[in-house]
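What follows is structure-v1.pdb (PDB, C-alpha atoms and all ligand atoms).
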MODEL        1
ATOM      1  CA  MET A   1      24.513  19.219  19.666
ATOM      2  CA  THR A   2      20.894  20.100  20.384
ATOM      3  CA  ASP A   3      20.561  18.471  23.811
ATOM      4  CA  GLN A   4      21.863  21.582  25.610
ATOM      5  CA  LYS A   5      19.621  23.911  23.636
ATOM      6  CA  LYS A   6      16.063  25.151  24.059
ATOM      7  CA  ILE A   7      13.851  23.493  21.451
ATOM      8  CA  ALA A   8      11.664  26.110  19.765
ATOM      9  CA  VAL A   9       8.642  25.237  17.612
ATOM     10  CA  VAL A  10       7.220  27.953  15.361
ATOM     11  CA  THR A  11       3.950  27.217  13.548
ATOM     12  CA  GLY A  12       3.431  28.499  10.000
ATOM     13  CA  SER A  13       7.101  29.339   9.567
ATOM     14  CA  ASN A  14       7.496  28.763   5.826
ATOM     15  CA  ARG A  15       6.840  32.461   5.124
ATOM     16  CA  GLY A  16       5.951  35.819   6.632
ATOM     17  CA  LEU A  17       6.223  36.514  10.338
ATOM     18  CA  GLY A  18       6.746  32.847  11.290
ATOM     19  CA  TYR A  19       9.786  32.639   9.050
ATOM     20  CA  ALA A  20      11.217  35.869  10.518
ATOM     21  CA  ILE A  21      10.649  34.618  14.078
ATOM     22  CA  SER A  22      12.388  31.326  13.213
ATOM     23  CA  GLN A  23      15.300  33.219  11.715
ATOM     24  CA  LYS A  24      15.708  35.463  14.757
ATOM     25  CA  LEU A  25      15.416  32.553  17.209
ATOM     26  CA  ALA A  26      17.934  30.547  15.161
ATOM     27  CA  HIS A  27      20.490  33.310  15.748
ATOM     28  CA  ILE A  28      20.337  32.682  19.514
ATOM     29  CA  SER A  29      23.103  30.287  20.413
ATOM     30  CA  ASN A  30      21.191  28.228  22.995
ATOM     31  CA  VAL A  31      18.030  27.848  20.889
ATOM     32  CA  HIS A  32      17.385  25.130  18.306
ATOM     33  CA  VAL A  33      14.506  25.956  15.948
ATOM     34  CA  VAL A  34      12.047  23.490  14.510
ATOM     35  CA  LEU A  35      10.529  25.203  11.506
ATOM     36  CA  THR A  36       7.086  23.885  10.568
ATOM     37  CA  SER A  37       4.773  24.243   7.591
ATOM     38  CA  ARG A  38       1.673  22.489   6.358
ATOM     39  CA  LYS A  39       3.218  22.439   2.869
ATOM     40  CA  GLU A  40       6.258  20.201   2.991
ATOM     41  CA  ALA A  41       8.010  21.631  -0.097
ATOM     42  CA  GLU A  42       7.703  25.195   1.248
ATOM     43  CA  GLY A  43       9.014  24.147   4.643
ATOM     44  CA  VAL A  44      11.988  22.392   3.088
ATOM     45  CA  ALA A  45      12.693  25.481   0.944
ATOM     46  CA  ALA A  46      12.498  27.756   4.006
ATOM     47  CA  LYS A  47      14.889  25.496   5.920
ATOM     48  CA  GLN A  48      17.258  25.669   2.947
ATOM     49  CA  ARG A  49      17.112  29.486   2.867
ATOM     50  CA  LEU A  50      18.120  29.551   6.513
ATOM     51  CA  ALA A  51      20.844  26.973   5.891
ATOM     52  CA  ASP A  52      22.189  29.166   3.061
ATOM     53  CA  ALA A  53      22.435  31.960   5.636
ATOM     54  CA  GLY A  54      24.414  29.661   7.932
ATOM     55  CA  LEU A  55      21.497  28.856  10.263
ATOM     56  CA  ASN A  56      20.937  25.237  11.189
ATOM     57  CA  VAL A  57      17.262  24.465  11.833
ATOM     58  CA  ASP A  58      15.120  21.362  11.574
ATOM     59  CA  PHE A  59      11.908  21.068   9.621
ATOM     60  CA  HIS A  60       8.830  18.940  10.193
ATOM     61  CA  PRO A  61       5.415  19.194   8.509
ATOM     62  CA  LEU A  62       2.635  20.552  10.733
ATOM     63  CA  ASP A  63      -0.906  21.486   9.765
ATOM     64  CA  VAL A  64      -2.345  22.995  12.923
ATOM     65  CA  THR A  65      -5.957  22.363  11.884
ATOM     66  CA  ASP A  66      -5.370  18.648  11.368
ATOM     67  CA  ASP A  67      -5.541  16.331  14.402
ATOM     68  CA  ALA A  68      -3.461  13.602  12.773
ATOM     69  CA  SER A  69      -0.751  16.041  11.680
ATOM     70  CA  VAL A  70      -0.485  17.550  15.178
ATOM     71  CA  GLN A  71      -0.372  14.117  16.819
ATOM     72  CA  LYS A  72       2.287  12.925  14.382
ATOM     73  CA  PHE A  73       4.314  16.068  15.085
ATOM     74  CA  ALA A  74       4.049  15.612  18.875
ATOM     75  CA  VAL A  75       5.266  12.023  18.631
ATOM     76  CA  TRP A  76       8.131  13.045  16.334
ATOM     77  CA  ILE A  77       9.328  15.894  18.520
ATOM     78  CA  GLU A  78       9.235  13.809  21.691
ATOM     79  CA  LYS A  79      11.183  11.064  19.962
ATOM     80  CA  SER A  80      13.673  13.491  18.425
ATOM     81  CA  TYR A  81      14.335  15.808  21.374
ATOM     82  CA  GLY A  82      12.355  14.516  24.368
ATOM     83  CA  ARG A  83      10.955  17.988  24.976
ATOM     84  CA  VAL A  84       9.634  21.320  23.742
ATOM     85  CA  ASP A  85      10.783  24.531  25.449
ATOM     86  CA  ILE A  86       9.347  27.281  23.250
ATOM     87  CA  LEU A  87       6.131  27.297  21.239
ATOM     88  CA  VAL A  88       5.237  30.224  18.988
ATOM     89  CA  ASN A  89       1.623  29.938  17.814
ATOM     90  CA  ASN A  90       2.059  32.053  14.707
ATOM     91  CA  ALA A  91       0.060  30.252  11.976
ATOM     92  CA  GLY A  92      -3.033  32.252  11.188
ATOM     93  CA  VAL A  93      -5.497  33.306   8.525
ATOM     94  CA  ASN A  94      -7.234  36.602   7.826
ATOM     95  CA  PRO A  95     -10.085  36.590   5.301
ATOM     96  CA  THR A  96     -10.698  40.348   5.616
ATOM     97  CA  GLY A  97      -9.251  41.474   2.279
ATOM     98  CA  ASN A  98     -10.632  38.523   0.341
ATOM     99  CA  GLU A  99     -14.307  38.769   1.243
ATOM    100  CA  PRO A 100     -16.335  42.004   0.997
ATOM    101  CA  GLU A 101     -18.820  40.396   3.412
ATOM    102  CA  GLU A 102     -16.168  40.927   6.122
ATOM    103  CA  GLY A 103     -17.094  44.621   6.130
ATOM    104  CA  SER A 104     -20.139  44.012   8.291
ATOM    105  CA  LEU A 105     -21.328  41.646  10.984
ATOM    106  CA  LEU A 106     -24.654  41.683   9.185
ATOM    107  CA  THR A 107     -23.170  40.163   6.029
ATOM    108  CA  VAL A 108     -20.187  38.147   7.231
ATOM    109  CA  ARG A 109     -20.307  34.533   6.112
ATOM    110  CA  LEU A 110     -20.642  32.329   9.174
ATOM    111  CA  GLN A 111     -18.734  29.590   7.366
ATOM    112  CA  THR A 112     -15.785  31.975   6.986
ATOM    113  CA  MET A 113     -16.044  32.926  10.642
ATOM    114  CA  LEU A 114     -15.954  29.246  11.558
ATOM    115  CA  SER A 115     -12.960  28.425   9.360
ATOM    116  CA  THR A 116     -11.091  31.466  10.728
ATOM    117  CA  PHE A 117     -11.754  30.234  14.262
ATOM    118  CA  GLU A 118     -10.553  26.759  13.227
ATOM    119  CA  THR A 119      -7.076  28.120  12.428
ATOM    120  CA  ASN A 120      -6.742  31.089  14.775
ATOM    121  CA  VAL A 121      -8.300  29.596  17.920
ATOM    122  CA  LEU A 122      -9.100  25.873  17.892
ATOM    123  CA  ALA A 123      -5.741  25.027  16.345
ATOM    124  CA  ILE A 124      -3.946  26.810  19.188
ATOM    125  CA  ALA A 125      -5.929  24.705  21.673
ATOM    126  CA  ARG A 126      -5.079  21.575  19.662
ATOM    127  CA  VAL A 127      -1.339  22.298  19.507
ATOM    128  CA  SER A 128      -1.334  23.310  23.191
ATOM    129  CA  GLN A 129      -2.974  20.035  24.182
ATOM    130  CA  ALA A 130      -0.375  18.096  22.203
ATOM    131  CA  LEU A 131       2.778  19.965  23.284
ATOM    132  CA  ILE A 132       2.207  21.467  26.741
ATOM    133  CA  PRO A 133       2.403  18.029  28.416
ATOM    134  CA  LEU A 134       6.019  17.930  27.198
ATOM    135  CA  MET A 135       6.613  21.320  28.830
ATOM    136  CA  LYS A 136       4.917  20.203  32.036
ATOM    137  CA  ALA A 137       7.185  17.165  32.233
ATOM    138  CA  GLN A 138      10.192  19.471  32.657
ATOM    139  CA  ASN A 139       8.341  22.428  34.253
ATOM    140  CA  TYR A 140       9.664  24.803  31.616
ATOM    141  CA  GLY A 141       7.917  26.485  28.720
ATOM    142  CA  ARG A 142       7.499  29.771  26.910
ATOM    143  CA  ILE A 143       4.389  30.070  24.748
ATOM    144  CA  VAL A 144       3.871  33.046  22.464
ATOM    145  CA  ASN A 145       0.458  33.559  20.870
ATOM    146  CA  VAL A 146       0.517  35.910  17.903
ATOM    147  CA  SER A 147      -2.477  38.208  18.259
ATOM    148  CA  THR A 148      -3.206  41.724  16.987
ATOM    149  CA  GLU A 149      -4.132  45.072  18.487
ATOM    150  CA  MET A 150      -7.311  44.748  16.398
ATOM    151  CA  ALA A 151      -8.361  42.346  19.185
ATOM    152  CA  SER A 152      -8.126  44.970  21.914
ATOM    153  CA  LEU A 153     -11.773  45.141  23.037
ATOM    154  CA  ASN A 154     -11.241  48.442  24.821
ATOM    155  CA  SER A 155      -9.951  50.076  21.631
ATOM    156  CA  ILE A 156     -12.683  48.859  19.278
ATOM    157  CA  PRO A 157     -14.967  51.904  19.619
ATOM    158  CA  THR A 158     -12.233  54.326  18.553
ATOM    159  CA  ASP A 159      -9.713  52.355  16.479
ATOM    160  CA  PHE A 160      -9.292  52.956  12.749
ATOM    161  CA  TYR A 161      -9.165  49.324  11.607
ATOM    162  CA  PRO A 162     -11.739  47.684   9.341
ATOM    163  CA  LEU A 163     -14.589  45.881  11.100
ATOM    164  CA  ALA A 164     -13.146  42.485  10.050
ATOM    165  CA  PRO A 165     -15.505  40.429  12.237
ATOM    166  CA  SER A 166     -14.115  36.940  11.532
ATOM    167  CA  TYR A 167     -10.509  37.956  12.111
ATOM    168  CA  ARG A 168     -11.113  40.210  15.101
ATOM    169  CA  LEU A 169     -13.430  37.807  16.914
ATOM    170  CA  SER A 170     -10.977  34.954  16.373
ATOM    171  CA  LYS A 171      -8.094  36.955  17.848
ATOM    172  CA  ILE A 172     -10.288  38.167  20.755
ATOM    173  CA  ALA A 173     -10.939  34.480  21.441
ATOM    174  CA  LEU A 174      -7.206  33.782  21.144
ATOM    175  CA  ASN A 175      -6.564  36.454  23.782
ATOM    176  CA  GLY A 176      -9.165  34.775  25.978
ATOM    177  CA  LEU A 177      -7.472  31.422  25.420
ATOM    178  CA  THR A 178      -4.170  33.022  26.470
ATOM    179  CA  ALA A 179      -5.660  34.339  29.722
ATOM    180  CA  LEU A 180      -7.333  31.020  30.553
ATOM    181  CA  LEU A 181      -4.246  28.975  29.754
ATOM    182  CA  ALA A 182      -2.150  31.299  31.915
ATOM    183  CA  LYS A 183      -4.577  30.776  34.785
ATOM    184  CA  GLU A 184      -4.290  27.019  34.360
ATOM    185  CA  LEU A 185      -0.483  27.250  34.244
ATOM    186  CA  GLN A 186      -0.035  29.671  37.135
ATOM    187  CA  ASN A 187       2.505  28.412  39.687
ATOM    188  CA  THR A 188       4.383  26.629  36.903
ATOM    189  CA  ASN A 189       7.427  27.799  34.974
ATOM    190  CA  ILE A 190       5.422  27.704  31.745
ATOM    191  CA  LEU A 191       4.730  31.300  30.728
ATOM    192  CA  VAL A 192       2.091  32.049  28.086
ATOM    193  CA  ASN A 193       1.573  35.498  26.622
ATOM    194  CA  ALA A 194       0.027  37.101  23.551
ATOM    195  CA  TYR A 195       1.356  40.005  21.519
ATOM    196  CA  SER A 196       0.553  42.267  18.614
ATOM    197  CA  PRO A 197       3.347  42.368  16.001
ATOM    198  CA  GLY A 198       2.066  45.516  14.260
ATOM    199  CA  TRP A 199       1.062  45.893  10.625
ATOM    200  CA  LEU A 200       3.626  43.964   8.609
ATOM    201  CA  LYS A 201       4.659  43.626   4.973
ATOM    202  CA  THR A 202       3.729  39.972   4.542
ATOM    203  CA  ASP A 203       1.257  38.189   2.281
ATOM    204  CA  MET A 204      -1.349  38.901   4.955
ATOM    205  CA  GLY A 205      -0.352  42.487   5.705
ATOM    206  CA  GLY A 206       0.273  43.541   2.089
ATOM    207  CA  GLU A 207       2.708  45.944   0.473
ATOM    208  CA  ASN A 208       1.440  49.096   2.174
ATOM    209  CA  ALA A 209       2.306  47.911   5.674
ATOM    210  CA  PRO A 210       4.846  50.161   7.409
ATOM    211  CA  PHE A 211       6.906  47.406   9.073
ATOM    212  CA  THR A 212       8.771  44.286   8.011
ATOM    213  CA  ALA A 213       8.238  40.760   9.276
ATOM    214  CA  GLU A 214      11.627  41.101  11.004
ATOM    215  CA  ASP A 215      10.321  44.147  12.911
ATOM    216  CA  GLY A 216       7.303  42.121  13.996
ATOM    217  CA  ALA A 217       9.449  39.201  15.160
ATOM    218  CA  GLN A 218      11.303  41.182  17.821
ATOM    219  CA  THR A 219       8.608  40.970  20.507
ATOM    220  CA  ALA A 220       8.047  37.254  19.831
ATOM    221  CA  VAL A 221      11.706  36.590  20.560
ATOM    222  CA  TYR A 222      11.507  38.651  23.755
ATOM    223  CA  LEU A 223       8.495  36.619  24.971
ATOM    224  CA  ALA A 224      10.010  33.304  23.810
ATOM    225  CA  THR A 225      13.102  33.900  25.946
ATOM    226  CA  LEU A 226      11.530  35.388  29.092
ATOM    227  CA  PRO A 227      13.441  34.681  32.282
ATOM    228  CA  ASP A 228      11.911  32.535  35.032
ATOM    229  CA  GLY A 229       9.341  34.559  36.951
ATOM    230  CA  GLY A 230       8.534  36.674  33.871
ATOM    231  CA  PRO A 231       5.079  37.893  32.880
ATOM    232  CA  GLN A 232       2.231  35.398  32.679
ATOM    233  CA  GLY A 233      -1.018  35.781  30.717
ATOM    234  CA  GLN A 234      -0.382  39.287  29.373
ATOM    235  CA  PHE A 235      -1.112  40.971  26.042
ATOM    236  CA  PHE A 236       1.920  42.893  24.763
ATOM    237  CA  ALA A 237       2.368  45.685  22.255
ATOM    238  CA  GLU A 238       5.399  45.735  19.972
ATOM    239  CA  LEU A 239       8.669  46.416  21.783
ATOM    240  CA  ARG A 240       9.804  48.451  18.770
ATOM    241  CA  LYS A 241       6.928  50.897  19.116
ATOM    242  CA  PHE A 242       7.534  51.712  22.756
ATOM    243  CA  GLY A 243      11.183  50.837  23.193
ATOM    244  CA  GLY A 244      10.292  48.265  25.856
ATOM    245  CA  PRO A 245       7.603  45.834  26.977
ATOM    246  CA  ILE A 246       4.209  47.571  27.215
ATOM    247  CA  GLN A 247       0.952  45.779  27.896
ATOM    248  CA  LEU A 248      -2.053  46.381  25.658
ATOM    249  CA  ASN A 249      -5.619  46.686  26.919
ATOM    250  CA  TRP A 250      -7.488  43.426  26.493
TER
HETATM  251  N1  LIG B 301       0.801  40.768   8.734
HETATM  252  C1  LIG B 301       0.271  41.550   9.661
HETATM  253  O1  LIG B 301       0.181  42.776   9.470
HETATM  254  C2  LIG B 301      -0.172  40.978  10.977
HETATM  255  C3  LIG B 301      -0.632  41.864  11.966
HETATM  256  C4  LIG B 301      -1.048  41.359  13.202
HETATM  257  C5  LIG B 301      -1.005  39.991  13.418
HETATM  258  N2  LIG B 301      -0.564  39.140  12.459
HETATM  259  C6  LIG B 301      -0.545  37.711  12.758
HETATM  260  O2  LIG B 301       0.738  37.194  12.495
HETATM  261  C7  LIG B 301       0.646  35.802  12.152
HETATM  262  C8  LIG B 301       1.436  35.553  10.880
HETATM  263  O3  LIG B 301       0.891  36.383   9.867
HETATM  264  P1  LIG B 301       1.657  36.728   8.505
HETATM  265  O4  LIG B 301       1.482  38.167   8.295
HETATM  266  O5  LIG B 301       3.010  36.129   8.503
HETATM  267  O6  LIG B 301       0.671  35.968   7.487
HETATM  268  P2  LIG B 301       0.986  35.132   6.175
HETATM  269  O7  LIG B 301       2.106  35.748   5.441
HETATM  270  O8  LIG B 301      -0.330  34.977   5.505
HETATM  271  O9  LIG B 301       1.482  33.725   6.753
HETATM  272  C9  LIG B 301       0.566  32.917   7.466
HETATM  273  C10 LIG B 301       1.272  31.642   7.831
HETATM  274  O10 LIG B 301       0.326  30.816   8.555
HETATM  275  C11 LIG B 301       0.367  29.531   7.924
HETATM  276  N3  LIG B 301      -0.856  28.760   8.126
HETATM  277  C12 LIG B 301      -2.128  29.112   7.875
HETATM  278  N4  LIG B 301      -2.939  28.083   8.148
HETATM  279  C13 LIG B 301      -2.162  27.059   8.593
HETATM  280  C14 LIG B 301      -2.401  25.742   9.032
HETATM  281  N5  LIG B 301      -3.629  25.225   9.063
HETATM  282  N6  LIG B 301      -1.347  24.988   9.448
HETATM  283  C15 LIG B 301      -0.098  25.481   9.427
HETATM  284  N7  LIG B 301       0.203  26.718   8.981
HETATM  285  C16 LIG B 301      -0.822  27.495   8.586
HETATM  286  C17 LIG B 301       0.598  29.827   6.447
HETATM  287  O11 LIG B 301       0.973  28.649   5.768
HETATM  288  P3  LIG B 301       0.676  28.435   4.171
HETATM  289  O12 LIG B 301       1.834  29.080   3.459
HETATM  290  O13 LIG B 301       0.618  26.960   4.036
HETATM  291  O14 LIG B 301      -0.618  29.125   3.871
HETATM  292  C18 LIG B 301       1.723  30.843   6.590
HETATM  293  O15 LIG B 301       2.939  30.210   6.872
HETATM  294  C19 LIG B 301      -0.838  35.496  12.039
HETATM  295  O16 LIG B 301      -1.285  34.876  13.222
HETATM  296  C20 LIG B 301      -1.472  36.877  11.886
HETATM  297  O17 LIG B 301      -2.801  36.912  12.332
HETATM  298  C21 LIG B 301      -0.145  39.594  11.233
ENDMDL
END

Output the file's structure as structure tokens, nothing else.
Ligand SMILES: NC(=O)c1ccc[n+]([C@@H]2O[C@H](COP(=O)([O-])OP(=O)(O)OC[C@H]3O[C@@H](n4cnc5c(N)ncnc54)[C@H](OP(=O)(O)O)[C@@H]3O)[C@@H](O)[C@H]2O)c1
Amino acid sequence: MTDQKKIAVVTGSNRGLGYAISQKLAHISNVHVVLTSRKEAEGVAAKQRLADAGLNVDFHPLDVTDDASVQKFAVWIEKSYGRVDILVNNAGVNPTGNEPEEGSLLTVRLQTMLSTFETNVLAIARVSQALIPLMKAQNYGRIVNVSTEMASLNSIPTDFYPLAPSYRLSKIALNGLTALLAKELQNTNILVNAYSPGWLKTDMGGENAPFTAEDGAQTAVYLATLPDGGPQGQFFAELRKFGGPIQLNW
């Protein structure tokens, strides 16, 4: 029975961090996960991997940059469950390693910057517009925006990360979106927060990353299951790093 459970939607959950977050959420007895992927075959395969591990999740296609796909998903989820309780905006792109032009703001391709914003920022607005009305209808929601400490404006002068203008600016904008959405949702029981998962061994993070996707999923689960009255509009570091919830500088 799913009608007693929190319905959790995780974007981009066919691989990497999104898959690990889905897996961890699926282990929680009162949460029912809807795994999503823009590639249907990969989503079905991911659902099967979880099923093989004894975890029962649903799958539905979702391309977060596609209006029609998001609308179709919103209609399906309302029809299937009548609500959404948890939304993890995980799907993201990072062109940094693929384009040498990303080493400088003076060479970065503006088309790449735009397409990075399409996925990392505009898509979060699109999915929010489609799904938050379902949260508002029941005055309950937990929204987790997957950001990065590379987006901490205060740390930019001294941090050791590559310049990565398209990626960083998109995640800075995502943090801004988080703060604005939190302001709009204040005095509701819909809590929206951003977090940095750390540098992870995924297709995006590469082999040299010190942490696994499972490590990075821990803070997402914490924010996805916040109690009523929990933090609103904050930017969190990894729980693992500090042994508890610590806020990052915007
Ligand atoms: N890895 C790190 O070290 C690290 C560090 C900080 C933050 N993050 C953030 O963590 C999140 C997940 O990253 P990851 O490391 O798991 O990256 P990843 O392995 O490259 O996975 C990215 C996921 O996003 C999906 N995606 C991209 N565009 C999409 C779209 N238009 N619609 C639906 N899904 C889409 C991908 O789907 P396809 O398979 O179809 O491409 C894939 O499932 C991202 O937001 C990233 O910025 C990662």

Padding 4 Å on each side, edges along x, y and z: where is the centre of the box around the listed atoms of ligand LIG 301 (chain B), and how long are its edges in Å to one decimal? Output it as JSON.
{"center_x": -0.3, "center_y": 33.9, "center_z": 8.4, "size_x": 14.6, "size_y": 25.8, "size_z": 18.0}

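All protein, DNA and RNA residues at most 8 Å from (8.8, 22.9, 29.8) are Arg83, Val84, Asp85, Ile86, Ile132, Leu134, Met135, Lys136, Ala137, Gln138, Asn139, Tyr140, Gly141, Arg142, Asn189 and Ile190 of chain A, using only C-alpha atoms.
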
Write the selection just made, keeping C-alpha atoms, as a PDB file, in the frame of the given file?
ATOM      1  CA  ARG A  83      10.955  17.988  24.976  1.00  0.00           C
ATOM      2  CA  VAL A  84       9.634  21.320  23.742  1.00  0.00           C
ATOM      3  CA  ASP A  85      10.783  24.531  25.449  1.00  0.00           C
ATOM      4  CA  ILE A  86       9.347  27.281  23.250  1.00  0.00           C
ATOM      5  CA  ILE A 132       2.207  21.467  26.741  1.00  0.00           C
ATOM      6  CA  LEU A 134       6.019  17.930  27.198  1.00  0.00           C
ATOM      7  CA  MET A 135       6.613  21.320  28.830  1.00  0.00           C
ATOM      8  CA  LYS A 136       4.917  20.203  32.036  1.00  0.00           C
ATOM      9  CA  ALA A 137       7.185  17.165  32.233  1.00  0.00           C
ATOM     10  CA  GLN A 138      10.192  19.471  32.657  1.00  0.00           C
ATOM     11  CA  ASN A 139       8.341  22.428  34.253  1.00  0.00           C
ATOM     12  CA  TYR A 140       9.664  24.803  31.616  1.00  0.00           C
ATOM     13  CA  GLY A 141       7.917  26.485  28.720  1.00  0.00           C
ATOM     14  CA  ARG A 142       7.499  29.771  26.910  1.00  0.00           C
ATOM     15  CA  ASN A 189       7.427  27.799  34.974  1.00  0.00           C
ATOM     16  CA  ILE A 190       5.422  27.704  31.745  1.00  0.00           C
TER      17      ILE A 190
END

* **Spatial neighbours of Phe211 in chain A, 7 Å, only C-alpha atoms, chain gap at least 4 places, as an MDAnalysis selection string** => chainID A and resid 199:201 215

* To do: Give as a ChimeraX atom specification the residues surrounding ligand LIG 301 (chain B) up to a distance of 7 Å, considering all atoms listed in the file.
  => /A:11-18,37-39,62-65,90-94,119-120,146-148,196-205,209

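The closest residue to Leu110 in chain A, picked from A:Leu239, A:Leu180, A:Ala220, A:Leu169 and counting all atoms listed in the file, is A:Leu169.
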
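Taking CA of Trp76 in chain A and CA of Leu185 in chain A as endpoints, the distance between them is 24.4 Å.
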
* Residue nearest Val70 in chain A among A:Arg240, A:Arg126, A:Lys171, A:Lys47 (counting only C-alpha atoms) -> A:Arg126

Leaving out Gln4 in chain A and any residue of its chain fewer than 4 positions from it, which residues lie within 12 Å of it when counting only C-alpha atoms, given as a PDB file with C-alpha atoms, in the frame of the given file?
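So selection21.pdb came out as:
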ATOM      1  CA  SER A  29      23.103  30.287  20.413  1.00  0.00           C
ATOM      2  CA  ASN A  30      21.191  28.228  22.995  1.00  0.00           C
ATOM      3  CA  VAL A  31      18.030  27.848  20.889  1.00  0.00           C
ATOM      4  CA  HIS A  32      17.385  25.130  18.306  1.00  0.00           C
ATOM      5  CA  TYR A  81      14.335  15.808  21.374  1.00  0.00           C
ATOM      6  CA  GLY A  82      12.355  14.516  24.368  1.00  0.00           C
ATOM      7  CA  ARG A  83      10.955  17.988  24.976  1.00  0.00           C
ATOM      8  CA  ASP A  85      10.783  24.531  25.449  1.00  0.00           C
TER       9      ASP A  85
END

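The gap separating CA of Asn145 in chain A from CA of Ala179 in chain A is 10.8 Å, in Å to one decimal.
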
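Atom pair CA of Gln23 in chain A / CA of Gly43 in chain A: separated by 13.1 Å.
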
* Neighbours of range 224-226 of chain A within 8 Å (only C-alpha atoms; same-chain residues fewer than 5 positions away dropped), as a ChimeraX atom specification? -> /A:86-88,142-144,231

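When all atoms listed in the file are used to measure the gap to Asn98 in chain A, the shortest distance among A:Glu184, A:Tyr19, A:Asp159, A:Thr112 belongs to A:Thr112.
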
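Distances to Ala8 in chain A were evaluated for A:Ala45, A:Met113, A:Leu131, A:Val75 using all atoms listed in the file, and the minimum falls at A:Leu131.
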
* To do: Using the chain letters and numbering of this document, enumerate as number ranges by chain the residues selected by the PyMOL selection byres (((chain A and resi 105) around 12) and not hetatm).
  => A: 96, 100-104, 106-110, 112-113, 162-169

* To do: Pick out the closest residue to Gly176 in chain A from this set: A:Val121, A:Val127, A:Ile156, A:Tyr161. Count only C-alpha atoms.
  => A:Val121

* Selection dump of the PyMOL selection byres (((chain A and resi 154) around 7) and not hetatm), as a PyMOL selection string -> chain A and resi 152-153+155-156+249-250

* Using all atoms listed in the file, which of A:Phe235, A:Thr158, A:Asn208, A:Glu78 sits nearest Leu177 in chain A? -> A:Phe235

For range 32-36 of chain A, supply all heavy atoms and format the output as a short mmCIF file (atom, residue, chain, number, x, y, z; two decimals), in the coordinates of the input.
data_model
loop_
_atom_site.label_atom_id
_atom_site.label_comp_id
_atom_site.auth_asym_id
_atom_site.auth_seq_id
_atom_site.Cartn_x
_atom_site.Cartn_y
_atom_site.Cartn_z
N HIS A 32 17.44 25.92 19.54
CA HIS A 32 17.39 25.13 18.31
C HIS A 32 15.96 25.20 17.75
O HIS A 32 15.01 24.82 18.44
CB HIS A 32 17.78 23.67 18.56
CG HIS A 32 17.77 22.86 17.30
ND1 HIS A 32 18.71 22.99 16.31
CD2 HIS A 32 16.89 21.93 16.85
CE1 HIS A 32 18.44 22.17 15.31
NE2 HIS A 32 17.33 21.52 15.62
N VAL A 33 15.82 25.70 16.53
CA VAL A 33 14.51 25.96 15.95
C VAL A 33 14.01 24.76 15.15
O VAL A 33 14.74 24.18 14.35
CB VAL A 33 14.56 27.20 15.03
CG1 VAL A 33 13.26 27.37 14.26
CG2 VAL A 33 14.87 28.45 15.85
N VAL A 34 12.73 24.44 15.38
CA VAL A 34 12.05 23.49 14.51
C VAL A 34 11.04 24.29 13.69
O VAL A 34 10.02 24.75 14.21
CB VAL A 34 11.34 22.38 15.31
CG1 VAL A 34 10.61 21.44 14.36
CG2 VAL A 34 12.34 21.62 16.17
N LEU A 35 11.38 24.48 12.44
CA LEU A 35 10.53 25.20 11.51
C LEU A 35 9.41 24.26 11.07
O LEU A 35 9.67 23.07 10.84
CB LEU A 35 11.42 25.59 10.34
CG LEU A 35 10.99 26.55 9.27
CD1 LEU A 35 12.22 27.36 8.86
CD2 LEU A 35 10.43 25.83 8.10
N THR A 36 8.19 24.76 10.97
CA THR A 36 7.09 23.88 10.57
C THR A 36 6.25 24.56 9.49
O THR A 36 6.17 25.79 9.43
CB THR A 36 6.17 23.52 11.76
OG1 THR A 36 5.46 24.68 12.18
CG2 THR A 36 6.95 22.93 12.91
#
